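Asker: Below is the structure I would like to discuss, written out as structure tokens.
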Amino acid sequence: MAPQERTPCCEEEPRQSTPIENNLSNIDLSGSFVNKGYTNDPGDSADSVASTKRVTDDGEKRKKVTDFDDLLPYVGEFGMYQKILFLLMIPFAFFVSFVYFSQIFMTIVPEQHWCWIPELANLTVEGRRALAIPPKTEGPYAHDRCHMYQADWTLALAQGRTTPDDEWPIVPCTGSWEYNRSDVPYETIASQLDWVCDKDNLPATAQAIFFCGAIVGGLVFGWIADKYGRIPALVGTNLVGFAAGIATAFCNAFWSFALCRFLVGLAFDNCFTMMYILVLEYVGPKWRTFVANMSIAIFFTLGASLLPWIALWADDWRRYALGISAPFIIAAATPWLVPESARWLLSQGKIDKAMVIMKKFERINKTKIPDKVLNEFTDATQKAIKESEAESKTYSVLDIFRTPRLRRNALLLIVIWMAISLVFDGHVRNVGSLGLDIFLTFTIATATEFPADTFLTVVLDRWGRRWLACGSMVVSGIFSLLATAVPVGGPSASLAILGRFAVNISYNIGLQYAAELLPTVVRAQGVALIHIMGYVASIVAPFVVYLGNISQDLPLLILGVLGIAGGFLCLLLPETMDTEMPQTLADGENFGKDQTFWDMPCFPRKKNETSIPETYNTRSSARNQEDHFIRSLPASGSRASVRASIRLSSRSARRNQDNSGV
């Protein structure tokens, strides 16, 4: 699939016919994923890209190479090496899907279960139920799942009884349970340890503990990534997932299982994000939308869709845990296959090592960086490092909340992201309550990732963030509510899956929105805070799904209300499409002041230049004279795009700010 170029859905004027300057230095991936210059697609040839930087026939001087994005076109923007790296994302995308979804198939319990009475072992299943289990006239089950008659079973058998005595008292189950395995045909840890009735909250608790591990893992491996590099963090997080996943297969109690889930949670997101950001940093701006979205749409979706069938094939939860954890050991080979982040190396002053990597790109892509360009780049990088070391101003996440508009936007982003995270995770885990085969339903629901990500790749830079986020969230909520108004089974499952499709779109937009709206000087910390709050909401999600034990409609009702409420809150945020991303705290405070509530990218209004904040008029006047089009990077929405933002060092962000003259 070719990368998507931005084409306004309602253009008022034809696009200019003269070539646009290939000003790649305006692309600030390391600080904020900003594409500040809309450029023609240079293709894979370094010659075609470099031609805009050489001295032209009429004597025009080429632009100096001052940062990594200026250097990248000389080695090719999506050459052979970048394509190899794109394919190397496959195992890591599989790993993150295994980490995220694996517990569902370890802890599911057959819908039909009842008390096991050893004295009646010689009777048939129907005979045991008819004699010892109270019948039920209400609800989806014909018998009680948590109670039994209390009687002298030896005497009852001697009397030849096949039906209960009305005088027998009804008591809670003691001992173990018996399961009808027609819907879940293998042993899970929940059925093995009888996590049913008064213990049916244990799977939800274990999943909440998993997300606690994810919070800790984000902080720990984020620090490792900034301190020691992306490759050590990538290898470390996957090896932790490997060790904890293997250990899970040997658990025989809830607390040992919960501990392993916490340790597996350390690997969540990080086991793919580091690879995701590495590849994004090495491809050109015109290909980042394609790489960011299609890696999730294809690789992540495929890995998640395979999970239920791996569980069925393994036919036992322990073999299943071993089977999905063992492949993580492949990550140990990463240092020999994947290059370290050149941007991180440059931020640490390791210019020589970064140049070795770029020489490898030259060799595999069959390109050549001119010596003069390398010298310019080296000199500019050394100068930027010295300026960065001299910079003493530091910012904290608390600065986001010091001014009213920025504080409002930050709080809105937190609340909206928490709603999106809870609704998304709730739909993921509610598939077992839809009245259909859980394995098939999960596969179909997960497959909605592909059309959702593909759709977003096409429309996000045409329709904008605000109204699309609102619409997708509201649609998700409406479908969730409608699913409670139709019969359980095919109708309710179909509507719930449509709700899942819509919230997939919201999730990917939400990942990008915060990175575009928060100022550069606090972007990494702010996005990290929002992401952590999303994990807090995800901790609640398993308990929302657990409410299905009280009423089958409750989870979808809650998800529906949250979806609609979160969608309307999106309209209170400013639109970030086709805008320069804020750099300073003042920029963040003034951002969107010239917008109105009803502004829509498809129906642009003529802006009065005097109404634009002075901060933006001053900074953009020079660019307007050059006919430059200011916009944010095309949709890089994905599970990992937030982590791709927060993993980048704040020192690099400050240096980029200094270089831009802000």
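Ordered as shown in the structure tokens, chains take letters A, B, and onward, while each chain numbers its residues from 1 and ligands are numbered from 1 in the order shown.
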Please provide the set of residues having any atom within 12 Å of A:Tyr228, restricted to only C-alpha atoms, with same-chain residues fewer than 5 positions apart removed, written as a PyMOL selection string.

Answerer: chain A and resi 220-223+233-236+340-341+344-345+347-348+647+649

Asker: With a distance cut-off of 8 Å and only C-alpha atoms, select the neighbouring residues of stretch 159-171 of chain A, excluding the residue or stretch itself and same-chain residues fewer than 2 positions from it, and output the selection as a list in words.

Answerer: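 Counting only C-alpha atoms, the residues come to Gly127, Ala130, Leu131, Ala132, Pro134, His147, Met148, Tyr149, Gln150, Ala151, Leu155, Ala156, Leu157 and Cys173 of chain A.
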
Asker: Residues as selected, C-alpha atoms, written as a JSON list (two decimals), in the first residue's frame, can you do that?

Answerer:
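Dumped to selection.json:
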[["chain", "number", "residue", "atom", "x", "y", "z"],
["A", 127, "GLY", "CA", -28.05, -37.82, 36.90],
["A", 130, "ALA", "CA", -30.84, -33.80, 38.57],
["A", 131, "LEU", "CA", -30.22, -35.20, 42.03],
["A", 132, "ALA", "CA", -27.84, -32.73, 43.67],
["A", 134, "PRO", "CA", -31.06, -26.97, 42.51],
["A", 147, "HIS", "CA", -25.17, -24.06, 45.29],
["A", 148, "MET", "CA", -26.07, -27.68, 45.96],
["A", 149, "TYR", "CA", -28.42, -29.74, 48.07],
["A", 150, "GLN", "CA", -27.09, -31.00, 51.38],
["A", 151, "ALA", "CA", -27.92, -34.66, 52.00],
["A", 155, "LEU", "CA", -28.34, -43.09, 51.83],
["A", 156, "ALA", "CA", -29.90, -41.35, 48.84],
["A", 157, "LEU", "CA", -28.16, -43.74, 46.45],
["A", 173, "CYS", "CA", -20.71, -25.52, 47.04]]

Asker: What lies within 10 Å of stretch 86-93 of chain A using only C-alpha atoms, ignoring chain neighbours under 4 positions off, as JSON, numbers by chain?

Answerer: {"A": [78, 80, 81, 82, 97, 98, 234, 238, 269, 270, 271, 272, 273, 274, 275, 276, 278, 279, 280, 283, 291, 292, 294, 295, 296, 298, 299, 300, 301, 302, 303, 304, 327, 328, 330, 331, 334, 337, 338, 640]}

Asker: As an exercise, work out the distance from atom CA of A:Gly548 to atom CA of A:Phe94 in Å and give it to one decimal place.

Answerer: 29.5 Å

Asker: If DSSP is run on the backbone, what residues of stretch 88-166 of chain A are strand (DSSP E)? A reply as a PyMOL selection string would be ideal.

Answerer: chain A and resi 113-115+147-149

Asker: Now that the selection is made, can you save its residues with N, CA, C and O atoms as a PDB file, in the first residue's frame?

Answerer:
ATOM      1  N   HIS A 113     -21.151 -24.646  34.837  1.00  0.00           N
ATOM      2  CA  HIS A 113     -20.413 -25.377  35.870  1.00  0.00           C
ATOM      3  C   HIS A 113     -21.329 -25.540  37.082  1.00  0.00           C
ATOM      4  O   HIS A 113     -22.268 -24.776  37.288  1.00  0.00           O
ATOM      5  N   TRP A 114     -21.054 -26.536  37.882  1.00  0.00           N
ATOM      6  CA  TRP A 114     -21.877 -26.838  39.049  1.00  0.00           C
ATOM      7  C   TRP A 114     -21.018 -27.583  40.069  1.00  0.00           C
ATOM      8  O   TRP A 114     -19.897 -28.014  39.780  1.00  0.00           O
ATOM      9  N   CYS A 115     -21.560 -27.743  41.279  1.00  0.00           N
ATOM     10  CA  CYS A 115     -20.806 -28.365  42.366  1.00  0.00           C
ATOM     11  C   CYS A 115     -20.459 -29.820  42.032  1.00  0.00           C
ATOM     12  O   CYS A 115     -21.288 -30.569  41.501  1.00  0.00           O
ATOM     13  N   HIS A 147     -24.547 -23.440  44.121  1.00  0.00           N
ATOM     14  CA  HIS A 147     -25.171 -24.064  45.287  1.00  0.00           C
ATOM     15  C   HIS A 147     -25.517 -25.519  44.990  1.00  0.00           C
ATOM     16  O   HIS A 147     -25.612 -25.922  43.825  1.00  0.00           O
ATOM     17  N   MET A 148     -25.732 -26.266  46.070  1.00  0.00           N
ATOM     18  CA  MET A 148     -26.074 -27.683  45.964  1.00  0.00           C
ATOM     19  C   MET A 148     -27.002 -28.067  47.113  1.00  0.00           C
ATOM     20  O   MET A 148     -27.148 -27.328  48.088  1.00  0.00           O
ATOM     21  N   TYR A 149     -27.642 -29.211  46.960  1.00  0.00           N
ATOM     22  CA  TYR A 149     -28.423 -29.744  48.070  1.00  0.00           C
ATOM     23  C   TYR A 149     -27.483 -30.406  49.065  1.00  0.00           C
ATOM     24  O   TYR A 149     -26.461 -30.999  48.692  1.00  0.00           O
TER      25      TYR A 149
END

Asker: Contacts of stretch 349-363 of chain A at 9 Å or less, counting only C-alpha atoms, minus same-chain residues fewer than 3 places along, as a list in words?

Answerer: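 Non-adjacent residues within range: Leu72, Tyr74, Val75, Gly76, Gly79, Met80, Tyr81, Gln82, Pro339, Glu340, Ser341, Ala342, Arg343, Trp344, Leu345, Leu346, Lys366, Thr367, Lys368, Ile369, Leu374, Thr378, Thr381, Gln382 and Ile385 of chain A.
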
Asker: Restrict the selected residues to C-alpha atoms and save them as a compact mmCIF listing (two decimals), in the first residue's frame.

Answerer:
# COMPACT_ATOMS: atom_id res chain seq x y z
CA LEU A 72 18.37 10.89 6.17
CA TYR A 74 20.95 10.97 1.37
CA VAL A 75 20.68 7.30 2.41
CA GLY A 76 17.11 6.82 1.12
CA GLY A 79 15.21 1.88 0.96
CA MET A 80 16.09 -1.77 1.31
CA TYR A 81 17.39 -1.44 4.87
CA GLN A 82 14.24 0.38 6.06
CA PRO A 339 20.77 -0.74 14.80
CA GLU A 340 20.69 1.48 17.84
CA SER A 341 18.74 4.72 17.49
CA ALA A 342 21.02 7.16 15.71
CA ARG A 343 19.02 10.03 17.18
CA TRP A 344 19.64 8.73 20.70
CA LEU A 345 23.34 8.28 19.97
CA LEU A 346 23.52 11.86 18.72
CA LYS A 366 23.42 1.44 -2.28
CA THR A 367 23.57 5.18 -1.66
CA LYS A 368 26.30 7.67 -0.80
CA ILE A 369 26.49 10.60 1.62
CA LEU A 374 28.91 14.57 6.63
CA THR A 378 29.07 16.62 12.34
CA THR A 381 25.65 18.26 15.84
CA GLN A 382 28.67 19.12 17.98
CA ILE A 385 25.38 19.34 21.93

Asker: Compile the contact shell of A:Trp317 as a PyMOL selection string: residues with an atom at most 6 Å away, counting only C-alpha atoms, same-chain residues fewer than 3 positions apart removed.

Answerer: chain A and resi 106+188+320

Asker: For atom CA of A:Gly534 and atom CA of A:Cys212, quote the distance in Å rounded to one decimal.

Answerer: 11.3 Å

Asker: Write out as a ChimeraX atom specification all residues of stretch 303-451 of chain A that backbone DSSP assigns to helix (DSSP H, G or I).

Answerer: /A:303-314,317-337,342-347,351-365,371-390,397-401,404-433,438-447,449-451
